[in-house]
Structures are given as C-alpha cells and as structure tokens.
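Engineer: Dropping in my_file_34.txt, which is compact mmCIF, C-alpha atoms:
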# COMPACT_ATOMS: atom_id res chain seq x y z
CA MET I 1 13.39 12.39 -13.89
CA ARG I 2 11.23 15.32 -14.88
CA GLY I 3 11.76 18.93 -14.09
CA THR I 4 9.75 20.98 -11.67
CA LYS I 5 7.11 21.61 -14.29
CA SER I 6 6.00 18.02 -13.96
CA GLY I 7 4.07 18.92 -10.85
CA GLY I 8 1.78 21.13 -12.89
CA HIS I 9 1.94 18.73 -15.80
CA ARG I 10 0.24 16.09 -13.74
CA GLY I 11 -2.89 18.17 -13.28
CA THR I 12 -2.98 19.03 -16.97
CA ASP I 13 -2.77 15.40 -18.04
CA ARG I 14 -5.63 14.38 -15.89
CA SER I 15 -7.93 17.26 -16.33
CA GLY I 16 -7.31 17.32 -20.05
CA ARG I 17 -7.39 14.40 -22.41
CA GLY I 18 -6.62 11.89 -19.69
CA GLY I 19 -9.58 13.08 -17.64
CA ALA I 20 -11.84 13.06 -20.69
CA SER I 21 -11.11 9.38 -21.31
CA LEU I 22 -11.50 8.30 -17.69
CA LEU I 23 -14.97 6.81 -18.18
CA ARG I 24 -14.33 5.56 -21.71
CA GLN I 25 -12.32 2.49 -20.78
CA PRO I 26 -12.84 -1.09 -21.91
CA LYS I 27 -14.51 -3.62 -19.66
CA ALA I 28 -11.13 -5.22 -18.94
CA VAL I 29 -9.93 -2.01 -17.28
CA TRP I 30 -13.05 -1.70 -15.15
CA ALA I 31 -12.91 -5.37 -14.16
CA THR I 32 -9.29 -5.08 -13.03
CA ALA I 33 -9.88 -1.77 -11.25
CA GLY I 34 -12.90 -3.20 -9.43
CA ALA I 35 -10.90 -6.20 -8.26
CA SER I 36 -8.15 -3.78 -7.17
CA VAL I 37 -10.59 -1.98 -4.87
CA VAL I 38 -11.38 -5.25 -3.11
CA ALA I 39 -7.70 -6.23 -2.95
CA PHE I 40 -6.83 -2.98 -1.20
CA MET I 41 -9.84 -3.34 1.09
CA GLY I 42 -8.28 -6.54 2.42
CA ILE I 43 -5.40 -4.62 4.00
CA GLY I 44 -7.51 -2.67 6.51
CA LEU I 45 -10.39 -5.14 6.64
CA VAL I 46 -9.40 -6.64 9.98
CA ASP I 47 -8.73 -3.33 11.75
CA PRO I 48 -12.18 -2.78 13.31
CA ILE I 49 -12.64 -6.46 14.20
CA LEU I 50 -9.28 -7.18 15.86
CA PRO I 51 -10.78 -7.03 19.38
CA SER I 52 -13.72 -9.18 18.23
CA ILE I 53 -11.36 -11.78 16.75
CA ALA I 54 -9.38 -11.83 19.98
CA ARG I 55 -12.53 -12.48 21.98
CA GLY I 56 -13.94 -14.99 19.51
CA LEU I 57 -10.78 -17.10 19.37
CA HIS I 58 -9.76 -16.50 23.02
CA ALA I 59 -6.51 -14.95 21.84
CA THR I 60 -4.27 -12.23 23.21
CA ARG I 61 -3.55 -8.94 21.47
CA SER I 62 -0.09 -10.10 20.49
CA GLN I 63 -1.48 -13.30 18.97
CA VAL I 64 -4.09 -11.44 16.93
CA SER I 65 -1.52 -8.92 15.74
CA LEU I 66 0.17 -11.78 13.91
CA LEU I 67 -2.61 -11.47 11.32
CA PHE I 68 -0.66 -8.49 9.98
CA THR I 69 2.78 -9.98 10.59
CA SER I 70 2.16 -13.16 8.59
CA TYR I 71 0.43 -11.19 5.82
CA PHE I 72 3.24 -8.70 5.30
CA LEU I 73 6.11 -11.09 5.93
CA ILE I 74 4.91 -13.21 3.02
CA THR I 75 4.28 -10.04 1.02
CA ALA I 76 7.91 -8.99 1.52
CA PHE I 77 9.29 -12.24 0.13
CA ALA I 78 6.65 -12.25 -2.62
CA MET I 79 8.17 -9.03 -3.98
CA LEU I 80 11.06 -11.16 -5.25
CA LEU I 81 8.60 -13.56 -6.84
CA THR I 82 6.00 -11.44 -8.58
CA GLY I 83 8.20 -10.10 -11.39
CA PHE I 84 9.69 -13.55 -11.91
CA VAL I 85 6.22 -15.06 -12.28
CA SER I 86 4.51 -12.37 -14.37
CA SER I 87 7.42 -12.11 -16.82
CA ARG I 88 6.99 -15.83 -17.54
CA ILE I 89 3.27 -16.58 -17.43
CA GLY I 90 1.93 -13.12 -18.34
CA GLY I 91 -0.08 -10.48 -16.51
CA ARG I 92 -3.52 -12.03 -16.92
CA ARG I 93 -2.53 -15.40 -15.50
CA THR I 94 -0.66 -13.73 -12.65
CA LEU I 95 -3.75 -11.70 -11.77
CA LEU I 96 -5.97 -14.77 -11.84
CA ALA I 97 -3.52 -16.79 -9.75
CA GLY I 98 -3.43 -14.01 -7.15
CA LEU I 99 -7.21 -13.69 -7.08
CA ALA I 100 -7.67 -17.44 -6.76
CA LEU I 101 -5.31 -17.55 -3.77
CA VAL I 102 -7.13 -14.67 -2.09
CA VAL I 103 -10.52 -16.33 -2.60
CA VAL I 104 -9.32 -19.62 -1.12
CA PHE I 105 -7.43 -18.19 1.84
CA ALA I 106 -10.02 -15.53 2.69
CA ALA I 107 -12.68 -18.24 2.86
CA LEU I 108 -10.41 -20.45 4.96
CA SER I 109 -9.73 -17.47 7.26
CA GLY I 110 -13.46 -17.19 7.92
CA MET I 111 -13.61 -20.87 8.87
CA SER I 112 -10.61 -20.76 11.21
CA GLY I 113 -11.02 -22.54 14.51
CA SER I 114 -7.90 -21.13 16.14
CA VAL I 115 -5.79 -18.01 15.96
CA GLY I 116 -2.85 -20.07 14.66
CA ALA I 117 -4.88 -21.28 11.69
CA LEU I 118 -6.12 -17.77 11.00
CA VAL I 119 -2.56 -16.41 11.03
CA GLY I 120 -1.49 -19.11 8.57
CA PHE I 121 -4.37 -18.45 6.22
CA ARG I 122 -3.62 -14.73 6.27
CA ALA I 123 -0.10 -15.58 5.06
CA GLY I 124 -1.56 -17.33 2.01
CA TRP I 125 -3.83 -14.33 1.51
CA GLY I 126 -0.78 -12.07 1.52
CA LEU I 127 0.86 -14.09 -1.26
CA GLY I 128 -2.24 -13.84 -3.43
CA ASN I 129 -2.63 -10.13 -2.79
CA ALA I 130 1.03 -9.49 -3.65
CA LEU I 131 0.70 -11.32 -6.97
CA PHE I 132 -2.43 -9.35 -7.80
CA VAL I 133 -1.59 -5.78 -6.78
CA SER I 134 1.95 -5.88 -8.16
CA THR I 135 0.55 -6.74 -11.60
CA ALA I 136 -2.79 -4.92 -11.71
CA LEU I 137 -1.57 -1.45 -12.71
CA ALA I 138 0.53 -2.72 -15.59
CA VAL I 139 -2.47 -4.72 -16.83
CA ILE I 140 -4.82 -1.73 -16.52
CA VAL I 141 -2.47 0.51 -18.50
CA GLY I 142 -1.89 -2.20 -21.10
CA ALA I 143 -5.61 -2.76 -21.56
CA ALA I 144 -6.58 0.93 -21.69
CA HIS I 145 -7.70 2.54 -24.93
CA PRO I 146 -4.93 4.93 -26.12
CA THR I 147 -6.40 8.23 -27.23
CA GLY I 148 -3.28 9.92 -28.50
CA ALA I 149 -0.60 11.69 -26.56
CA ALA I 150 -1.88 13.81 -23.77
CA ARG I 151 1.17 16.01 -24.12
CA GLY I 152 4.19 16.07 -26.35
CA ASP I 153 6.64 15.18 -23.60
CA ALA I 154 8.51 11.93 -23.57
CA ALA I 155 7.65 9.38 -20.93
CA PRO I 156 9.99 8.88 -17.97
CA GLY I 157 13.08 6.98 -18.99
CA GLY I 158 12.91 8.22 -22.57
CA GLY I 159 9.99 6.04 -23.71
CA GLU I 160 6.97 6.93 -25.75
CA PRO I 161 4.71 9.73 -24.57
CA GLU I 162 2.05 8.63 -22.14
CA THR I 163 -1.35 8.49 -23.82
CA GLY I 164 -4.44 10.23 -22.56
CA GLY I 165 -6.13 6.85 -22.19
CA ASN I 166 -3.26 5.54 -20.12
CA ALA I 167 -3.24 8.63 -17.91
CA ALA I 168 -6.95 8.12 -17.24
CA ALA I 169 -6.42 4.44 -16.52
CA ILE I 170 -3.68 5.30 -14.02
CA LEU I 171 -5.97 7.79 -12.30
CA LEU I 172 -8.63 5.09 -12.17
CA TYR I 173 -6.17 2.74 -10.47
CA GLU I 174 -5.12 5.39 -7.95
CA SER I 175 -8.79 6.01 -7.19
CA ALA I 176 -9.30 2.28 -6.66
CA LEU I 177 -6.36 2.29 -4.25
CA GLY I 178 -7.78 5.11 -2.17
CA LEU I 179 -11.33 3.74 -2.26
CA GLY I 180 -10.16 0.32 -1.15
CA MET I 181 -8.03 1.64 1.71
CA ALA I 182 -10.94 3.77 2.93
CA CYS I 183 -13.72 1.20 2.53
CA GLY I 184 -11.89 -1.83 3.91
CA PRO I 185 -12.48 -0.82 7.54
CA LEU I 186 -16.12 -0.04 6.74
CA LEU I 187 -16.71 -3.49 5.26
CA GLY I 188 -14.98 -5.03 8.26
CA ALA I 189 -17.18 -3.00 10.62
CA VAL I 190 -20.52 -3.69 8.93
CA LEU I 191 -20.01 -7.42 8.50
CA GLY I 192 -17.89 -7.85 11.62
CA ASP I 193 -20.58 -6.32 13.82
CA MET I 194 -22.70 -9.38 13.01
CA LYS I 195 -19.89 -11.92 13.34
CA TRP I 196 -16.13 -11.58 13.05
CA ARG I 197 -15.99 -14.30 10.40
CA TYR I 198 -18.26 -12.52 7.91
CA PRO I 199 -15.75 -9.95 6.56
CA PHE I 200 -13.51 -12.80 5.41
CA PHE I 201 -16.36 -14.55 3.62
CA GLY I 202 -17.47 -11.24 2.10
CA THR I 203 -13.98 -10.63 0.72
CA ALA I 204 -13.87 -14.14 -0.74
CA VAL I 205 -17.17 -13.57 -2.55
CA LEU I 206 -16.14 -10.17 -3.93
CA MET I 207 -12.79 -11.48 -5.14
CA ALA I 208 -14.52 -14.44 -6.78
CA VAL I 209 -16.65 -11.94 -8.70
CA GLY I 210 -13.45 -10.13 -9.70
CA PHE I 211 -11.94 -13.43 -10.85
CA LEU I 212 -14.94 -14.11 -13.09
CA ALA I 213 -14.94 -10.56 -14.47
CA ILE I 214 -11.23 -10.67 -15.37
CA THR I 215 -11.64 -14.14 -16.88
CA ALA I 216 -14.46 -12.85 -19.07
CA PHE I 217 -13.18 -9.43 -20.10
CA LEU I 218 -9.38 -9.39 -19.93
CA GLN I 219 -7.27 -10.92 -22.66
CA GLU I 220 -3.61 -11.79 -22.20
CA GLN I 221 -1.20 -8.87 -22.41
CA PRO I 222 1.95 -8.92 -24.58
CA ALA I 223 4.85 -10.78 -22.99
CA PRO I 224 7.68 -8.58 -21.62
CA ASP I 225 10.88 -8.33 -23.65
CA ARG I 226 13.03 -9.50 -20.74
CA LYS I 227 12.37 -12.05 -18.04
CA THR I 228 13.02 -10.95 -14.47
CA SER I 229 15.20 -13.12 -12.23
CA LEU I 230 14.59 -13.67 -8.54
CA LEU I 231 17.77 -11.78 -7.59
CA ASP I 232 17.29 -8.71 -9.82
CA PRO I 233 15.50 -6.73 -7.07
CA VAL I 234 18.25 -7.55 -4.55
CA ARG I 235 20.96 -6.49 -7.00
CA ALA I 236 19.13 -3.21 -7.57
CA LEU I 237 19.57 -2.38 -3.87
CA GLY I 238 23.30 -2.04 -4.53
CA HIS I 239 22.53 1.48 -5.76
CA GLY I 240 23.12 3.92 -2.90
CA GLY I 241 20.07 6.06 -3.58
CA LEU I 242 17.66 3.13 -3.77
CA ALA I 243 19.19 1.54 -0.67
CA ALA I 244 18.79 4.82 1.26
CA THR I 245 15.18 5.11 0.13
CA ALA I 246 14.45 1.53 1.22
CA VAL I 247 16.05 2.04 4.65
CA ALA I 248 14.15 5.28 5.27
CA ALA I 249 10.93 3.59 4.14
CA PHE I 250 11.65 0.69 6.49
CA PHE I 251 11.64 3.07 9.48
CA TYR I 252 8.57 4.85 8.16
CA ASN I 253 6.63 1.61 7.68
CA TYR I 254 7.30 0.63 11.28
CA ALA I 255 5.52 3.84 12.34
CA PHE I 256 2.75 3.40 9.76
CA PHE I 257 1.85 -0.14 10.80
CA THR I 258 1.98 0.65 14.48
CA VAL I 259 -0.97 2.93 13.70
CA LEU I 260 -2.75 0.39 11.52
CA ALA I 261 -2.30 -2.75 13.63
CA PHE I 262 -1.96 -1.54 17.24
CA THR I 263 -4.22 1.51 17.49
CA PRO I 264 -7.51 -0.45 17.25
CA PHE I 265 -6.67 -2.08 20.59
CA VAL I 266 -5.86 1.27 22.16
CA LEU I 267 -9.07 2.88 20.91
CA ASN I 268 -11.08 -0.17 22.10
CA MET I 269 -14.23 0.87 20.22
CA SER I 270 -17.11 -1.05 18.71
CA PRO I 271 -16.58 -2.38 15.17
CA TYR I 272 -18.80 0.39 13.75
CA ALA I 273 -17.01 3.17 15.62
CA SER I 274 -13.56 1.79 14.81
CA GLY I 275 -14.58 1.32 11.18
CA GLY I 276 -15.69 4.95 11.02
CA VAL I 277 -12.39 6.17 12.43
CA PHE I 278 -10.34 4.19 9.94
CA PHE I 279 -12.66 5.15 7.08
CA ALA I 280 -11.90 8.80 7.80
CA TRP I 281 -8.21 7.85 8.07
CA GLY I 282 -8.38 6.18 4.66
CA VAL I 283 -10.10 9.16 3.06
CA LEU I 284 -7.35 11.49 4.27
CA LEU I 285 -4.73 9.01 3.08
CA ALA I 286 -6.24 8.92 -0.41
CA VAL I 287 -6.75 12.68 -0.71
CA PHE I 288 -3.27 13.60 0.49
CA SER I 289 -1.62 10.89 -1.59
CA VAL I 290 -3.28 11.72 -4.90
CA LEU I 291 -4.08 15.44 -4.62
CA VAL I 292 -2.04 17.17 -1.91
CA ALA I 293 1.38 15.52 -2.09
CA PRO I 294 2.09 16.45 -5.75
CA ARG I 295 1.29 20.09 -5.07
CA LEU I 296 3.52 20.19 -2.01
CA GLN I 297 6.34 18.56 -3.97
CA HIS I 298 6.00 21.10 -6.75
CA ARG I 299 6.25 23.97 -4.27
CA LEU I 300 8.84 22.67 -1.78
CA GLY I 301 10.66 19.72 -3.36
CA SER I 302 10.23 16.03 -2.62
CA LEU I 303 12.87 15.60 0.08
CA THR I 304 11.78 18.67 2.04
CA VAL I 305 8.18 17.47 1.96
CA LEU I 306 9.17 13.94 2.97
CA GLY I 307 11.35 15.02 5.89
CA GLY I 308 8.73 17.40 7.19
CA SER I 309 5.92 14.88 6.84
CA LEU I 310 7.89 12.21 8.72
CA LEU I 311 8.57 14.62 11.61
CA LEU I 312 4.90 15.62 11.73
CA LEU I 313 3.93 11.95 11.81
CA ALA I 314 6.30 11.46 14.75
CA ALA I 315 4.67 14.33 16.65
CA ASP I 316 1.22 12.93 15.84
CA LEU I 317 2.21 9.50 17.19
CA LEU I 318 3.42 10.99 20.47
CA ALA I 319 0.14 12.87 20.87
CA LEU I 320 -1.76 9.67 20.05
CA GLY I 321 0.14 7.70 22.66
CA TYR I 322 -0.10 10.22 25.49
CA GLY I 323 -3.41 11.94 24.80
CA ASP I 324 -6.87 11.05 26.09
CA HIS I 325 -9.31 8.95 24.09
CA ALA I 326 -10.66 11.83 22.01
CA THR I 327 -7.12 12.97 21.19
CA ALA I 328 -6.20 9.43 20.18
CA VAL I 329 -9.14 9.30 17.76
CA VAL I 330 -8.26 12.65 16.19
CA CYS I 331 -4.58 11.77 15.88
CA THR I 332 -5.39 8.39 14.32
CA VAL I 333 -7.46 10.07 11.62
CA LEU I 334 -4.88 12.85 11.14
CA SER I 335 -2.09 10.32 10.65
CA GLY I 336 -3.74 9.35 7.36
CA ALA I 337 -2.73 12.71 5.89
CA PHE I 338 0.96 12.26 6.72
CA ILE I 339 0.91 8.63 5.61
CA GLY I 340 -0.63 9.61 2.27
CA VAL I 341 2.09 12.18 1.61
CA ASN I 342 4.85 9.79 2.65
CA ASN I 343 3.53 6.98 0.47
CA THR I 344 3.57 9.13 -2.66
CA VAL I 345 7.01 10.64 -2.14
CA PHE I 346 8.69 7.39 -1.11
CA THR I 347 7.34 5.63 -4.19
CA GLU I 348 8.53 8.34 -6.53
CA LEU I 349 11.99 8.24 -4.98
CA ALA I 350 12.14 4.45 -5.21
CA LEU I 351 11.18 4.44 -8.87
CA GLY I 352 13.30 7.38 -9.98
CA VAL I 353 16.48 7.45 -7.92
CA SER I 354 18.27 4.49 -9.55
CA PRO I 355 18.85 3.38 -13.15
CA ALA I 356 17.18 0.00 -12.48
CA PRO I 357 13.97 -0.74 -14.42
CA ARG I 358 11.01 0.55 -12.45
CA PRO I 359 9.43 -2.86 -11.69
CA VAL I 360 12.79 -4.18 -10.46
CA ALA I 361 13.51 -1.08 -8.34
CA SER I 362 9.99 -1.26 -6.89
CA ALA I 363 10.39 -4.93 -5.98
CA GLY I 364 13.73 -4.34 -4.21
CA TYR I 365 12.39 -1.33 -2.33
CA ASN I 366 9.24 -3.14 -1.24
CA PHE I 367 11.19 -6.22 -0.25
CA VAL I 368 13.00 -4.15 2.41
CA ARG I 369 10.19 -1.98 3.68
CA TRP I 370 7.58 -4.71 4.12
CA PHE I 371 9.72 -6.35 6.78
CA ALA I 372 8.93 -3.35 8.99
CA ALA I 373 5.21 -3.81 8.22
CA ALA I 374 5.60 -7.37 9.50
CA ALA I 375 7.64 -6.36 12.56
CA ALA I 376 5.50 -3.52 13.94
CA PRO I 377 2.29 -5.54 14.53
CA PHE I 378 4.35 -8.26 16.19
CA LEU I 379 6.41 -5.99 18.46
CA ALA I 380 3.94 -3.26 19.48
CA PRO I 381 1.63 -5.38 21.68
CA ARG I 382 4.58 -7.20 23.23
CA ILE I 383 6.28 -3.92 24.07
CA GLU I 384 3.04 -2.82 25.72
CA GLU I 385 2.99 -6.04 27.76
CA TRP I 386 6.59 -5.46 28.89
CA THR I 387 6.20 -1.73 29.60
CA ASP I 388 2.99 0.29 29.14
CA VAL I 389 0.70 1.49 26.37
CA HIS I 390 2.73 4.65 25.70
CA VAL I 391 6.05 3.05 24.76
CA PRO I 392 4.97 1.45 21.44
CA PHE I 393 4.01 4.90 20.17
CA VAL I 394 7.26 6.41 21.42
CA LEU I 395 9.22 3.79 19.47
CA ALA I 396 7.04 4.35 16.40
CA ALA I 397 7.70 8.10 16.64
CA ALA I 398 11.43 7.41 16.99
CA ALA I 399 11.26 5.25 13.85
CA ALA I 400 9.62 8.10 11.91
CA VAL I 401 12.38 10.45 13.09
CA ALA I 402 15.00 7.87 12.04
CA GLY I 403 13.42 7.86 8.59
CA ALA I 404 13.67 11.64 8.40
CA LEU I 405 17.31 11.54 9.51
CA THR I 406 18.10 8.92 6.88
CA VAL I 407 16.63 11.19 4.21
CA ALA I 408 18.63 14.15 5.51
CA LEU I 409 21.94 12.30 5.86
CA ARG I 410 21.62 10.58 2.47
CA ARG I 411 20.27 13.63 0.68
CA ARG I 412 23.11 13.68 -1.83
CA ALA I 413 22.50 10.06 -2.86
CA LEU I 414 18.80 10.80 -3.19
CA THR I 415 19.32 13.84 -5.43
CA THR I 416 22.08 12.71 -7.78
CA THR I 417 19.49 11.78 -10.42
CA GLY I 418 17.22 14.75 -9.79
CA ALA I 419 15.09 13.07 -7.12
CA ARG I 420 14.43 16.43 -5.48
CA ARG I 421 12.03 17.14 -8.30
CA PRO I 422 8.67 15.44 -8.35
CA ALA I 423 8.01 12.78 -10.98
CA PRO I 424 4.36 11.87 -10.49
CA ARG I 425 4.22 9.41 -13.36
CA HIS I 426 6.93 7.32 -11.79
CA ALA I 427 4.76 6.83 -8.77
CA THR I 428 1.71 5.83 -10.72
CA GLU I 429 3.54 2.99 -12.42
CA ASP I 430 4.19 1.09 -9.20
CA GLY I 431 1.48 -1.46 -8.55
CA ALA I 432 2.92 -2.33 -5.16
CA THR I 433 2.47 1.17 -3.79
CA ALA I 434 -0.98 0.47 -2.64
CA LEU I 435 0.05 -1.88 0.01
CA THR I 436 0.59 1.39 1.85
CA GLY I 437 -1.59 3.65 -0.07
Go ahead and express the file in the form of structure tokens.
Structural biologist:
Amino acid sequence: MRGTKSGGHRGTDRSGRGGASLLRQPKAVWATAGASVVAFMGIGLVDPILPSIARGLHATRSQVSLLFTSYFLITAFAMLLTGFVSSRIGGRRTLLAGLALVVVFAALSGMSGSVGALVGFRAGWGLGNALFVSTALAVIVGAAHPTGAARGDAAPGGGEPETGGNAAAILLYESALGLGMACGPLLGAVLGDMKWRYPFFGTAVLMAVGFLAITAFLQEQPAPDRKTSLLDPVRALGHGGLAATAVAAFFYNYAFFTVLAFTPFVLNMSPYASGGVFFAWGVLLAVFSVLVAPRLQHRLGSLTVLGGSLLLLAADLLALGYGDHATAVVCTVLSGAFIGVNNTVFTELALGVSPAPRPVASAGYNFVRWFAAAAAPFLAPRIEEWTDVHVPFVLAAAAAVAGALTVALRRRALTTTGARRPAPRHATEDGATALTG
C-alpha cells in the first residue's frame, strides 16, 4: 500500500500527464468506455419505473422488488465465474459475451408478459453485466496508449509505474461509472413515462451499438500469465482483513440497496420526478466517490472516514424513514454522498488489505457483499407488509451501524498491511466497483 502522500499523488497524476492524455485515447478505449456507461445505467434504470411496472403487470411491491434480487443474486455468483472465464477466453471475448447477454435479456425484459418472466430475464441481464463490468477496466487500461510514466513511483504491488495514458484511461472509466449511475434513472424516466417497456428496449439498442463498436475497434488483449480457478476468490476470503472488509460491506450494501430498490415506492412520484431525484443522487455519488473521498482519506485516514460515513448514512436513513415527503426526497439525494464515499473506501480496502491478487480479492469481496444487494430488495417490502413503512429504514440504518462496528472491531486486521492509508490506484483497478458506484 502507498503512504499518505498517495492522496495528493492521485491529483497530480490526473491533472498532469494523465489528464493531458485523457482525450488522446484509441477508439477501442472510447468504445469500451461508452459501453460501460450503458452497463452502469442498467443498474438504476428501473428505479423510476418500479411503480409503473407494478401497475402494468398487476404485481405487488414485493414481486417487483425481485427485479433487483434476481439481478444481484446472479451477479454475486458470477463473481466466481468472471475471472475463470476471462483468464481462458480473453478480455475481448468476455466483454462481447457479456454485451450479447445484456442485449438479449434486456430485449426479453421489455417483452415480458408477467412479473415472473421479467424477474427471470433480469437474472440473465445480471450475468451479462457482471461479465462485462468486471472485465471492462482491465481492457480499457490494456488498450490505452502509454505516454510514459506519470511519476517515478512504482505501481501498487511492486509492478511497473503506471503510465500517464493508463491513468487517463482509468479516469475515463471512473467518469463512465459516475455518468452511468446518474443517467440510468433519467433514461428510465424519459422512456418509462411513455411506456414501462421502453427503457428495456432502449438499453438493448444501446448495448447492441456498444457490441458493434467493440467488435470493430477492440483487438484481443494479451492472455494473463495465470488462469484463475473458480475457488480462488473463496480461498482469498480466508485472510482476516479481506473477510472483515467483505462482512462490513455486506451490512453496508443492505443499507445501500434499501435506498435504491425500496425508496421509489415510498416516494411514489411520477417517473420524471423520481428520475430527477435519482439523477441528483447519482451525481452526488459520482462526485463524492471520485473527488471527495480521496481528499477525506488523505486528511483523516480511510477507516475513520469509512466509520463516520457509515454512521452518517444510518442517520440519513432514519430521517428518510420518519420524515415527511420533502425530507424523504432530500435524504434520498443526500444518501448518494455517503454511498459514494463508502464505495471508494471499501474498494480500496478490499484490494489492498490482503496479499491476494487484486482481481481475485475483488471477486471474493464482491461475492459476499452482493448477497446483501440481493436480500435488501426482497426483504424491505415484505417487512413493510408485516410492520409499517418505517421499519425497513430502521433495519437498513442498523445494518449501516453494524458495518461501522465491524470496521471498528476489526480495525487491527484492516490496518496490518497499511490499509489506514489511502491507495487510490488500488480502487481504480477494480472493474466490479461500479456495481455500487
């Protein structure tokens, strides 16, 4: 892990040579980054149209919430599969396979005649998205034009120095992540206001364009030196620090996806209004993830920032659950800031706290935490049915507090390899981060 100077180093890389090369990337980089925007848009696409889908398919809230559960349950298991596949067939073919699956299942989602069919098609969509986003960053960096070392420092893990071209390509990917998370609800609102099926067809068309662009402009990347087995990510969780990070992230993701999957029903707004709320949420998520979190880490340390942000998210969730409608809207948007900070710090911990190779550590970490992303959309509406609308937010707040307590109680395991110090480049090498931001 890097020292505390890495927090300032990040800004230098990107405003210096890395920033200068941002727009001078080959077509392969732009094609993959453009497809990444659409892939990330698919996560929040259904948010503003959940009530419309429920009405259109005569489904209950709990049935419609399974659109998230099936998507992320498959995503969790796919974390064990993506490294296995890409290390054998190569990054380009893995990207194309993921895009093809998204195109097919997004189109089928738009043609669904029942909520059960739609839930099943979203599961196939989740598999395709997992294959794509877990490979896209590595492909972008591999396809970027190197422009010479941005600094003289060695890369994390003792590798070669990161090039200015690669730093710019990573920034481009992070920008695609934030843009996709912010614009997904907008696309869902604009198309969904006409008919709830249209956002799914729109995604299929955009991903088909991405498939053609990658086919035309991206050549196969060099094969990895070592093939990844299906059990490597599970074995990596035997490390105490990585296991603690995954458990804390599991609690955090339960809180996160209560906001994403359950709040649209509570707000009960038109697709346009709901899309606007979650667009503002996505903008805050992107800004705090890419710009604010590294500065806070540099000043306060990663674990202090993470614990504080989780507690603030808990307080925000309680205000969201018990406040009036205007308060709920404000707290929904504000939660994007805390979620952005948490996403960045959790990823850096996951990729730097254990000696496992970063793709393997990332897969094991994501395998655990995505189960919470599948559970929250399933449980929140049922808990409301059994109790009242406040209790799901109370449980989500309790989950955020449990995450903070896990970080505090396992602080020693999380700092034995210097995890208290920010390592921004670790975070940028995890293609699976974006599933949360």
Engineer: For region 257-266 of chain I, list every protein, DNA or RNA residue within 6 Å, evaluated using only C-alpha atoms, and leave out those in the same chain fewer than 4 positions away; present the list as a PyMOL selection string.
Structural biologist: chain I and resi 253+373+376-377
Engineer: Could you produce a table of the residues of region 324-399 of chain I lying within 7 Å of region 280-303 of chain I, with the nearest pair of atoms per residue and their separation in Å rounded to one decimal, using all atoms listed in the file, ordered by chain and increasing residue number, as CSV?
Structural biologist:
residue,atom,partner,partner_atom,distance
I:Thr332,CA,I:Trp281,CA,6.9
I:Val333,CA,I:Trp281,CA,4.3
I:Leu334,CA,I:Trp281,CA,6.7
I:Gly336,CA,I:Leu285,CA,4.4
I:Ala337,CA,I:Leu284,CA,5.0
I:Ile339,CA,I:Leu285,CA,6.2
I:Gly340,CA,I:Ser289,CA,4.2
I:Val341,CA,I:Ala293,CA,5.0
I:Asn343,CA,I:Ser289,CA,6.8
I:Thr344,CA,I:Ser289,CA,5.6
I:Val345,CA,I:Ser302,CA,6.3
Engineer: Please provide the set of residues having any atom within 12 Å of Ala117 (chain I), restricted to only C-alpha atoms, with same-chain residues fewer than 6 positions apart removed, written as a count of residues only.
Structural biologist: 14
Engineer: In terms of the shortest atom-to-atom distance over all atoms listed in the file, which of I:Ala249, I:Val205, I:Val391, I:Ala372 is closest to Ala107 (chain I)?
Structural biologist: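 The closest residue to Ala107 (chain I) is I:Val205.
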Engineer: What is the distance, in Å and to one decimal place, between CA of Phe84 (chain I) and CA of Phe68 (chain I)?
Structural biologist: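 Separating CA of Phe84 (chain I) from CA of Phe68 (chain I) is a distance of 24.7 Å.
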Engineer: Please work out which residues fall within 6 Å of (-2.8, -15.8, -20.8), coordinates as given in the file, with all atoms listed in the file counting, and return them as JSON, numbers by chain.
Structural biologist: {"I": [90, 92, 93, 220]}
Engineer: Here is a test: counting only C-alpha atoms, which residue of I:Pro357, I:Gly34, I:Gly56, I:Gly83 is nearest to Leu118 (chain I)?
Structural biologist: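 Using only C-alpha atoms, the shortest distance to Leu118 (chain I) belongs to I:Gly56.
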Engineer: Have a look at I:Tyr71, I:Phe132, I:Phe211, I:Tyr272 and name the one nearest to Ala39 (chain I); count only C-alpha atoms.
Structural biologist: I:Phe132
Engineer: Please produce region 98-102 of chain I, completed to all heavy atoms, as a PDB file, in the coordinates of the input.
Structural biologist:
ATOM      1  N   GLY I  98      -3.325 -14.767  -8.390  1.00  0.00           N
ATOM      2  CA  GLY I  98      -3.430 -14.010  -7.150  1.00  0.00           C
ATOM      3  C   GLY I  98      -4.850 -13.974  -6.623  1.00  0.00           C
ATOM      4  O   GLY I  98      -5.092 -14.186  -5.419  1.00  0.00           O
ATOM      5  N   LEU I  99      -5.815 -13.730  -7.505  1.00  0.00           N
ATOM      6  CA  LEU I  99      -7.210 -13.690  -7.080  1.00  0.00           C
ATOM      7  C   LEU I  99      -7.667 -15.040  -6.542  1.00  0.00           C
ATOM      8  O   LEU I  99      -8.381 -15.111  -5.531  1.00  0.00           O
ATOM      9  CB  LEU I  99      -8.098 -13.279  -8.262  1.00  0.00           C
ATOM     10  CG  LEU I  99      -8.039 -11.804  -8.675  1.00  0.00           C
ATOM     11  CD1 LEU I  99      -8.763 -11.591  -9.992  1.00  0.00           C
ATOM     12  CD2 LEU I  99      -8.646 -10.927  -7.590  1.00  0.00           C
ATOM     13  N   ALA I 100      -7.278 -16.114  -7.212  1.00  0.00           N
ATOM     14  CA  ALA I 100      -7.670 -17.440  -6.760  1.00  0.00           C
ATOM     15  C   ALA I 100      -7.137 -17.725  -5.354  1.00  0.00           C
ATOM     16  O   ALA I 100      -7.848 -18.275  -4.492  1.00  0.00           O
ATOM     17  CB  ALA I 100      -7.171 -18.503  -7.742  1.00  0.00           C
ATOM     18  N   LEU I 101      -5.882 -17.344  -5.100  1.00  0.00           N
ATOM     19  CA  LEU I 101      -5.310 -17.550  -3.770  1.00  0.00           C
ATOM     20  C   LEU I 101      -6.047 -16.733  -2.718  1.00  0.00           C
ATOM     21  O   LEU I 101      -6.307 -17.224  -1.606  1.00  0.00           O
ATOM     22  CB  LEU I 101      -3.819 -17.167  -3.781  1.00  0.00           C
ATOM     23  CG  LEU I 101      -2.877 -18.138  -4.485  1.00  0.00           C
ATOM     24  CD1 LEU I 101      -1.475 -17.540  -4.581  1.00  0.00           C
ATOM     25  CD2 LEU I 101      -2.821 -19.465  -3.737  1.00  0.00           C
ATOM     26  N   VAL I 102      -6.410 -15.496  -3.052  1.00  0.00           N
ATOM     27  CA  VAL I 102      -7.130 -14.670  -2.090  1.00  0.00           C
ATOM     28  C   VAL I 102      -8.494 -15.274  -1.780  1.00  0.00           C
ATOM     29  O   VAL I 102      -8.922 -15.333  -0.615  1.00  0.00           O
ATOM     30  CB  VAL I 102      -7.288 -13.227  -2.605  1.00  0.00           C
ATOM     31  CG1 VAL I 102      -8.204 -12.422  -1.689  1.00  0.00           C
ATOM     32  CG2 VAL I 102      -5.933 -12.537  -2.691  1.00  0.00           C
TER      33      VAL I 102
END
